[in-house]
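> Handing over coords_18.csv, CSV, C-alpha atoms.
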chain,number,residue,atom,x,y,z
A,287,MET,CA,9.4,-0.4,13.0
A,288,LYS,CA,6.1,0.8,14.5
A,289,LYS,CA,2.8,-0.6,13.5
A,290,ILE,CA,0.4,1.9,11.9
A,291,ILE,CA,-3.1,1.9,13.4
A,292,ASN,CA,-5.7,1.5,10.7
A,293,PRO,CA,-8.0,4.5,11.2
A,294,PHE,CA,-10.9,3.0,9.3
A,295,VAL,CA,-11.5,-0.3,11.2
A,296,HIS,CA,-14.5,0.9,13.1
A,297,LEU,CA,-16.0,2.8,10.1
A,298,ASP,CA,-19.4,1.4,9.1
A,299,GLY,CA,-19.2,0.0,5.6
A,300,TYR,CA,-15.4,-0.1,5.4
A,301,ASN,CA,-14.5,-3.1,3.2
A,302,CYS,CA,-11.3,-2.1,1.3
A,303,PHE,CA,-9.9,-4.9,-0.8
A,304,GLY,CA,-6.4,-3.8,0.1
A,305,CYS,CA,-6.5,-3.2,3.9
A,306,ALA,CA,-9.8,-4.1,5.5
A,307,PRO,CA,-9.0,-6.9,7.9
A,308,CYS,CA,-12.5,-8.4,7.6
A,309,ASN,CA,-12.9,-8.5,3.8
A,310,PRO,CA,-13.0,-12.3,3.1
A,311,PHE,CA,-11.8,-11.7,-0.5
A,312,GLY,CA,-9.2,-9.0,0.3
A,313,VAL,CA,-5.5,-9.0,0.8
A,314,LYS,CA,-5.7,-7.7,4.4
A,315,MET,CA,-2.5,-5.7,4.4
A,316,GLU,CA,-1.0,-4.2,7.5
A,317,PHE,CA,1.5,-1.4,7.6
A,318,PHE,CA,4.5,-0.3,9.6
A,319,GLU,CA,6.6,2.9,9.7
A,320,ASP,CA,10.3,2.5,9.3
A,321,GLY,CA,11.9,6.0,9.1
A,322,ASP,CA,10.9,7.6,5.8
A,323,ASP,CA,9.4,4.3,4.5
A,324,ILE,CA,6.1,2.6,4.9
A,325,VAL,CA,6.5,-1.2,5.0
A,326,SER,CA,4.1,-4.1,4.6
A,327,LEU,CA,4.9,-7.8,5.1
A,328,TRP,CA,2.5,-10.0,3.2
A,329,GLN,CA,2.1,-13.8,2.7
A,330,PRO,CA,1.1,-14.8,-0.9
A,331,THR,CA,-1.3,-17.7,-1.2
A,332,PRO,CA,-2.5,-19.8,-4.1
A,333,ASN,CA,-5.8,-17.9,-4.0
A,334,PHE,CA,-4.0,-14.9,-5.6
A,335,GLN,CA,-2.1,-16.8,-8.3
A,336,GLY,CA,-2.2,-15.9,-12.0
A,337,TRP,CA,-0.1,-18.6,-13.6
A,338,LEU,CA,0.6,-21.8,-11.6
A,339,ASN,CA,2.2,-20.9,-8.2
A,340,THR,CA,2.8,-17.4,-9.4
A,341,LEU,CA,1.3,-14.3,-7.8
A,342,HIS,CA,-1.0,-12.5,-10.3
A,343,GLY,CA,0.4,-9.2,-11.7
A,344,GLY,CA,-2.9,-7.5,-10.8
A,345,ILE,CA,-2.5,-8.5,-7.2
A,346,GLN,CA,1.0,-7.2,-7.2
A,347,SER,CA,-0.3,-3.8,-8.5
A,348,VAL,CA,-3.0,-3.8,-5.8
A,349,LEU,CA,-0.3,-4.3,-3.1
A,350,LEU,CA,2.0,-1.6,-4.5
A,351,ASP,CA,-0.9,0.9,-5.0
A,352,GLU,CA,-2.2,0.2,-1.5
A,353,ILE,CA,1.1,0.8,0.2
A,354,CYS,CA,1.4,4.1,-1.7
A,355,GLY,CA,-1.9,5.2,-0.4
A,356,TRP,CA,-0.8,4.5,3.2
A,357,VAL,CA,2.3,6.7,2.6
A,358,VAL,CA,-0.1,9.6,1.9
A,359,MET,CA,-2.1,8.9,5.0
A,360,ARG,CA,0.8,8.4,7.4
A,361,LYS,CA,3.4,10.8,6.1
A,362,LEU,CA,1.1,13.6,4.9
A,363,GLN,CA,-1.8,13.0,7.3
A,364,THR,CA,-4.4,13.3,4.6
A,365,ALA,CA,-6.2,11.1,2.0
A,366,GLY,CA,-5.8,11.0,-1.7
A,367,VAL,CA,-6.4,9.0,-4.9
A,368,THR,CA,-4.1,7.4,-7.4
A,369,SER,CA,-4.1,9.4,-10.7
A,370,LYS,CA,-1.4,7.4,-12.4
A,371,MET,CA,0.6,4.2,-11.7
A,372,GLU,CA,3.6,2.9,-13.6
A,373,THR,CA,4.4,-0.7,-12.7
A,374,ARG,CA,7.5,-2.8,-13.7
A,375,TYR,CA,7.4,-6.5,-13.3
A,376,LEU,CA,11.0,-7.7,-13.0
A,377,ARG,CA,10.7,-11.4,-11.9
A,378,PRO,CA,7.9,-13.8,-10.9
A,379,VAL,CA,6.7,-13.9,-7.3
A,380,SER,CA,6.0,-17.4,-6.0
A,381,THR,CA,2.8,-18.0,-4.1
A,382,GLU,CA,4.7,-20.8,-2.3
A,383,GLY,CA,7.9,-18.8,-1.6
A,384,GLY,CA,7.2,-17.2,1.7
A,385,GLN,CA,6.5,-13.7,2.9
A,386,ILE,CA,7.1,-10.7,0.6
A,387,THR,CA,8.1,-7.2,1.7
A,388,LEU,CA,6.7,-4.0,0.2
A,389,ARG,CA,8.3,-0.6,0.9
A,390,ALA,CA,7.2,2.8,-0.3
A,391,ARG,CA,8.3,6.4,0.3
A,392,ILE,CA,7.7,9.9,-1.1
A,393,LYS,CA,10.0,10.7,-4.0
A,394,GLU,CA,8.7,14.2,-4.8
A,395,GLN,CA,5.9,16.5,-3.8
A,396,ARG,CA,4.5,19.5,-5.7
A,397,ARG,CA,1.5,21.1,-3.9
A,398,ASN,CA,-1.2,18.4,-3.9
A,399,ILE,CA,0.6,16.0,-6.3
A,400,VAL,CA,2.9,13.4,-4.7
A,401,LEU,CA,5.1,10.9,-6.5
A,402,ILE,CA,5.6,7.7,-4.4
A,403,GLU,CA,8.1,5.0,-5.2
A,404,ALA,CA,7.2,1.4,-4.1
A,405,THR,CA,9.0,-1.9,-4.3
A,406,LEU,CA,8.1,-5.5,-3.8
A,407,HIS,CA,10.8,-8.0,-2.7
A,408,ASN,CA,10.4,-11.8,-2.4
A,409,SER,CA,11.3,-13.8,0.7
A,410,THR,CA,14.9,-13.9,-0.3
A,411,GLY,CA,15.2,-10.2,-0.8
A,412,GLU,CA,15.1,-10.1,-4.6
A,413,LEU,CA,13.4,-7.1,-6.2
A,414,CYS,CA,10.4,-8.5,-8.1
A,415,SER,CA,8.2,-5.5,-8.9
A,416,GLN,CA,8.4,-1.7,-8.6
A,417,ALA,CA,6.0,1.1,-9.1
A,418,LEU,CA,5.9,4.9,-9.3
A,419,CYS,CA,2.5,6.2,-8.2
A,420,THR,CA,1.2,9.7,-8.7
A,421,TYR,CA,-1.3,10.6,-6.0
A,422,PHE,CA,-3.6,13.5,-5.9
A,423,THR,CA,-4.0,14.5,-2.3
A,424,PHE,CA,-7.0,16.2,-0.7
A,425,PRO,CA,-6.9,19.2,1.6
A,426,PRO,CA,-7.2,17.9,5.2
A,427,GLU,CA,-10.8,19.3,5.5
A,428,LYS,CA,-12.0,17.4,2.5
A,429,ALA,CA,-10.2,14.2,3.7
A,430,ARG,CA,-12.0,14.5,7.0
A,431,SER,CA,-15.5,15.3,5.6
A,432,GLU,CA,-15.6,13.2,2.5
A,433,MET,CA,-13.1,10.4,3.1
A,434,HIS,CA,-13.8,10.0,6.9
A,435,PHE,CA,-10.0,10.4,7.5
A,436,SER,CA,-9.3,11.3,11.1
A,437,GLY,CA,-5.6,10.9,11.2
A,438,CYS,CA,-3.1,8.0,11.0
A,439,GLU,CA,-1.1,7.2,14.1
A,440,VAL,CA,1.4,4.4,15.1
A,441,GLU,CA,1.2,2.1,18.1
A,442,GLU,CA,3.4,2.9,21.1
Can you give me the file's structure in the form of structure tokens?


Amino acid sequence: MKKIINPFVHLDGYNCFGCAPCNPFGVKMEFFEDGDDIVSLWQPTPNFQGWLNTLHGGIQSVLLDEICGWVVMRKLQTAGVTSKMETRYLRPVSTEGGQITLRARIKEQRRNIVLIEATLHNSTGELCSQALCTYFTFPPEKARSEMHFSGCEVEE
């Protein structure tokens, strides 16, 4: 796996809840490329619980949505926005159970509409949540001018 370089870290005002490393309230996700998949390893903490020792479903959705966005940036080299997200919660995720693994990949692409599948597995590898995100992707020129997207590369 190769670590993906966050192209926004030096952008003035960048404070994404999902991936900004300096947002004190955010989830601070990092991403890796593994073949066709984008992967994120994330450590739940009690700060993000819903029920006692259980990761909030909204936070799970944030994690799944965010990794789908990074699929668009890395695999298609453009930016986009979520137009629809279907999430299935299959089992609880413990905030005390160790690191979780998220994976996402392109399922289908039609012009500027991309369907992305994402999964969330607990530290023992059990599938806990899954999502199907529909993304509307921008033409590269618009991604550069309006979204400040300059490309998404991996570390050597």

> Which of these residues is nearest to Cys414 (chain A), using all atoms listed in the file: A:Arg374, A:Arg397, A:His342, A:Lys361?

A:Arg374

> Please measure the separation of CA of Ile392 (chain A) and CA of Gly344 (chain A), giving the value in Å to one decimal.

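Result for CA of Ile392 (chain A) versus CA of Gly344 (chain A): 22.6 Å, one decimal.
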
> One number please: CA of Arg360 (chain A) to CA of His296 (chain A), in Å, one decimal.

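Interatomic distance here is 18.0 Å.
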
> Would you please work out which residue, of A:Ala429, A:Glu441, A:Arg389, A:Val367, is nearest to Asp320 (chain A) when using all atoms listed in the file?

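For Asp320 (chain A), the nearest of the candidates is A:Arg389.
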
> Could you pull the residues within 6 Å of Phe422 (chain A), counting all atoms listed in the file, minus those fewer than 3 positions along the same chain, as a PyMOL selection string?

chain A and resi 366-367+398-399

> Those same residues - C-alpha atoms - I'd like them written as a short mmCIF file (atom, residue, chain, number, x, y, z; two decimals), in the frame of the given file.


data_model
loop_
_atom_site.label_atom_id
_atom_site.label_comp_id
_atom_site.auth_asym_id
_atom_site.auth_seq_id
_atom_site.Cartn_x
_atom_site.Cartn_y
_atom_site.Cartn_z
CA GLY A 366 -5.80 11.00 -1.70
CA VAL A 367 -6.40 9.00 -4.90
CA ASN A 398 -1.20 18.40 -3.90
CA ILE A 399 0.60 16.00 -6.30
#

> Can you pull out every residue within 7 Å of Gly304 (chain A), counting all atoms listed in the file, but drop anything in the same chain fewer than 6 positions away, and send it as a PDB file with C-alpha atoms, in the frame of the given file?


ATOM      1  CA  GLY A 312      -9.200  -9.000   0.300  1.00  0.00           C
ATOM      2  CA  VAL A 313      -5.500  -9.000   0.800  1.00  0.00           C
ATOM      3  CA  LYS A 314      -5.700  -7.700   4.400  1.00  0.00           C
ATOM      4  CA  MET A 315      -2.500  -5.700   4.400  1.00  0.00           C
ATOM      5  CA  VAL A 348      -3.000  -3.800  -5.800  1.00  0.00           C
ATOM      6  CA  LEU A 349      -0.300  -4.300  -3.100  1.00  0.00           C
ATOM      7  CA  GLU A 352      -2.200   0.200  -1.500  1.00  0.00           C
TER       8      GLU A 352
END

> Since the input is missing atoms, can you rebuild all heavy atoms for region 359-370 of chain A and write them as a JSON list (two decimals), keeping the file's coordinate frame?


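Listed below is the output, out-v5.json:
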[["chain", "number", "residue", "atom", "x", "y", "z"],
["A", 359, "MET", "N", -1.41, 8.74, 3.72],
["A", 359, "MET", "CA", -2.10, 8.90, 5.00],
["A", 359, "MET", "C", -1.19, 9.09, 6.18],
["A", 359, "MET", "O", -1.43, 9.95, 7.01],
["A", 359, "MET", "CB", -3.03, 7.66, 5.23],
["A", 359, "MET", "CG", -4.23, 7.65, 4.31],
["A", 359, "MET", "SD", -5.44, 6.40, 4.73],
["A", 359, "MET", "CE", -4.61, 4.91, 4.19],
["A", 360, "ARG", "N", -0.13, 8.31, 6.25],
["A", 360, "ARG", "CA", 0.80, 8.40, 7.40],
["A", 360, "ARG", "C", 1.70, 9.60, 7.32],
["A", 360, "ARG", "O", 1.86, 10.37, 8.27],
["A", 360, "ARG", "CB", 1.57, 7.11, 7.56],
["A", 360, "ARG", "CG", 2.57, 7.16, 8.68],
["A", 360, "ARG", "CD", 1.93, 7.35, 10.05],
["A", 360, "ARG", "NE", 2.98, 7.60, 11.04],
["A", 360, "ARG", "CZ", 2.81, 8.34, 12.11],
["A", 360, "ARG", "NH1", 1.64, 8.87, 12.39],
["A", 360, "ARG", "NH2", 3.82, 8.53, 12.95],
["A", 361, "LYS", "N", 2.36, 9.78, 6.19],
["A", 361, "LYS", "CA", 3.40, 10.80, 6.10],
["A", 361, "LYS", "C", 2.82, 12.21, 5.88],
["A", 361, "LYS", "O", 3.40, 13.19, 6.33],
["A", 361, "LYS", "CB", 4.38, 10.48, 4.96],
["A", 361, "LYS", "CG", 5.18, 9.21, 5.21],
["A", 361, "LYS", "CD", 5.97, 9.30, 6.49],
["A", 361, "LYS", "CE", 6.88, 8.10, 6.68],
["A", 361, "LYS", "NZ", 7.66, 8.20, 7.93],
["A", 362, "LEU", "N", 1.68, 12.30, 5.18],
["A", 362, "LEU", "CA", 1.10, 13.60, 4.90],
["A", 362, "LEU", "C", -0.15, 13.89, 5.73],
["A", 362, "LEU", "O", -0.69, 14.99, 5.68],
["A", 362, "LEU", "CB", 0.79, 13.75, 3.41],
["A", 362, "LEU", "CG", 2.00, 13.58, 2.48],
["A", 362, "LEU", "CD1", 1.57, 13.70, 1.02],
["A", 362, "LEU", "CD2", 3.09, 14.59, 2.82],
["A", 363, "GLN", "N", -0.63, 12.88, 6.44],
["A", 363, "GLN", "CA", -1.80, 13.00, 7.30],
["A", 363, "GLN", "C", -3.03, 13.54, 6.56],
["A", 363, "GLN", "O", -3.73, 14.44, 7.02],
["A", 363, "GLN", "CB", -1.50, 13.85, 8.55],
["A", 363, "GLN", "CG", -0.55, 13.18, 9.51],
["A", 363, "GLN", "CD", -1.14, 11.91, 10.13],
["A", 363, "GLN", "OE1", -2.26, 11.90, 10.60],
["A", 363, "GLN", "NE2", -0.37, 10.83, 10.10],
["A", 364, "THR", "N", -3.25, 12.98, 5.39],
["A", 364, "THR", "CA", -4.40, 13.30, 4.60],
["A", 364, "THR", "C", -4.75, 12.07, 3.74],
["A", 364, "THR", "O", -4.06, 11.06, 3.81],
["A", 364, "THR", "CB", -4.25, 14.56, 3.75],
["A", 364, "THR", "OG1", -5.52, 14.96, 3.21],
["A", 364, "THR", "CG2", -3.23, 14.39, 2.64],
["A", 365, "ALA", "N", -5.79, 12.17, 2.95],
["A", 365, "ALA", "CA", -6.20, 11.10, 2.00],
["A", 365, "ALA", "C", -5.91, 11.57, 0.60],
["A", 365, "ALA", "O", -5.68, 12.75, 0.35],
["A", 365, "ALA", "CB", -7.62, 10.72, 2.22],
["A", 366, "GLY", "N", -5.98, 10.63, -0.33],
["A", 366, "GLY", "CA", -5.80, 11.00, -1.70],
["A", 366, "GLY", "C", -6.23, 9.84, -2.62],
["A", 366, "GLY", "O", -6.74, 8.83, -2.15],
["A", 367, "VAL", "N", -6.05, 10.05, -3.90],
["A", 367, "VAL", "CA", -6.40, 9.00, -4.90],
["A", 367, "VAL", "C", -5.28, 8.88, -5.89],
["A", 367, "VAL", "O", -4.56, 9.82, -6.18],
["A", 367, "VAL", "CB", -7.73, 9.36, -5.63],
["A", 367, "VAL", "CG1", -8.92, 9.29, -4.69],
["A", 367, "VAL", "CG2", -7.66, 10.72, -6.29],
["A", 368, "THR", "N", -5.14, 7.67, -6.41],
["A", 368, "THR", "CA", -4.10, 7.40, -7.40],
["A", 368, "THR", "C", -4.59, 8.05, -8.73],
["A", 368, "THR", "O", -5.71, 7.83, -9.18],
["A", 368, "THR", "CB", -4.00, 5.89, -7.67],
["A", 368, "THR", "OG1", -3.79, 5.25, -6.43],
["A", 368, "THR", "CG2", -2.85, 5.59, -8.61],
["A", 369, "SER", "N", -3.74, 8.87, -9.34],
["A", 369, "SER", "CA", -4.10, 9.40, -10.70],
["A", 369, "SER", "C", -3.29, 8.73, -11.76],
["A", 369, "SER", "O", -3.70, 8.72, -12.91],
["A", 369, "SER", "CB", -3.88, 10.93, -10.69],
["A", 369, "SER", "OG", -2.54, 11.26, -10.44],
["A", 370, "LYS", "N", -2.15, 8.11, -11.39],
["A", 370, "LYS", "CA", -1.40, 7.40, -12.40],
["A", 370, "LYS", "C", -0.47, 6.38, -11.64],
["A", 370, "LYS", "O", 0.00, 6.66, -10.53],
["A", 370, "LYS", "CB", -0.49, 8.33, -13.19],
["A", 370, "LYS", "CG", 0.31, 7.67, -14.30],
["A", 370, "LYS", "CD", 0.90, 8.71, -15.24],
["A", 370, "LYS", "CE", 2.35, 8.97, -14.93],
["A", 370, "LYS", "NZ", 2.99, 9.86, -15.92]]
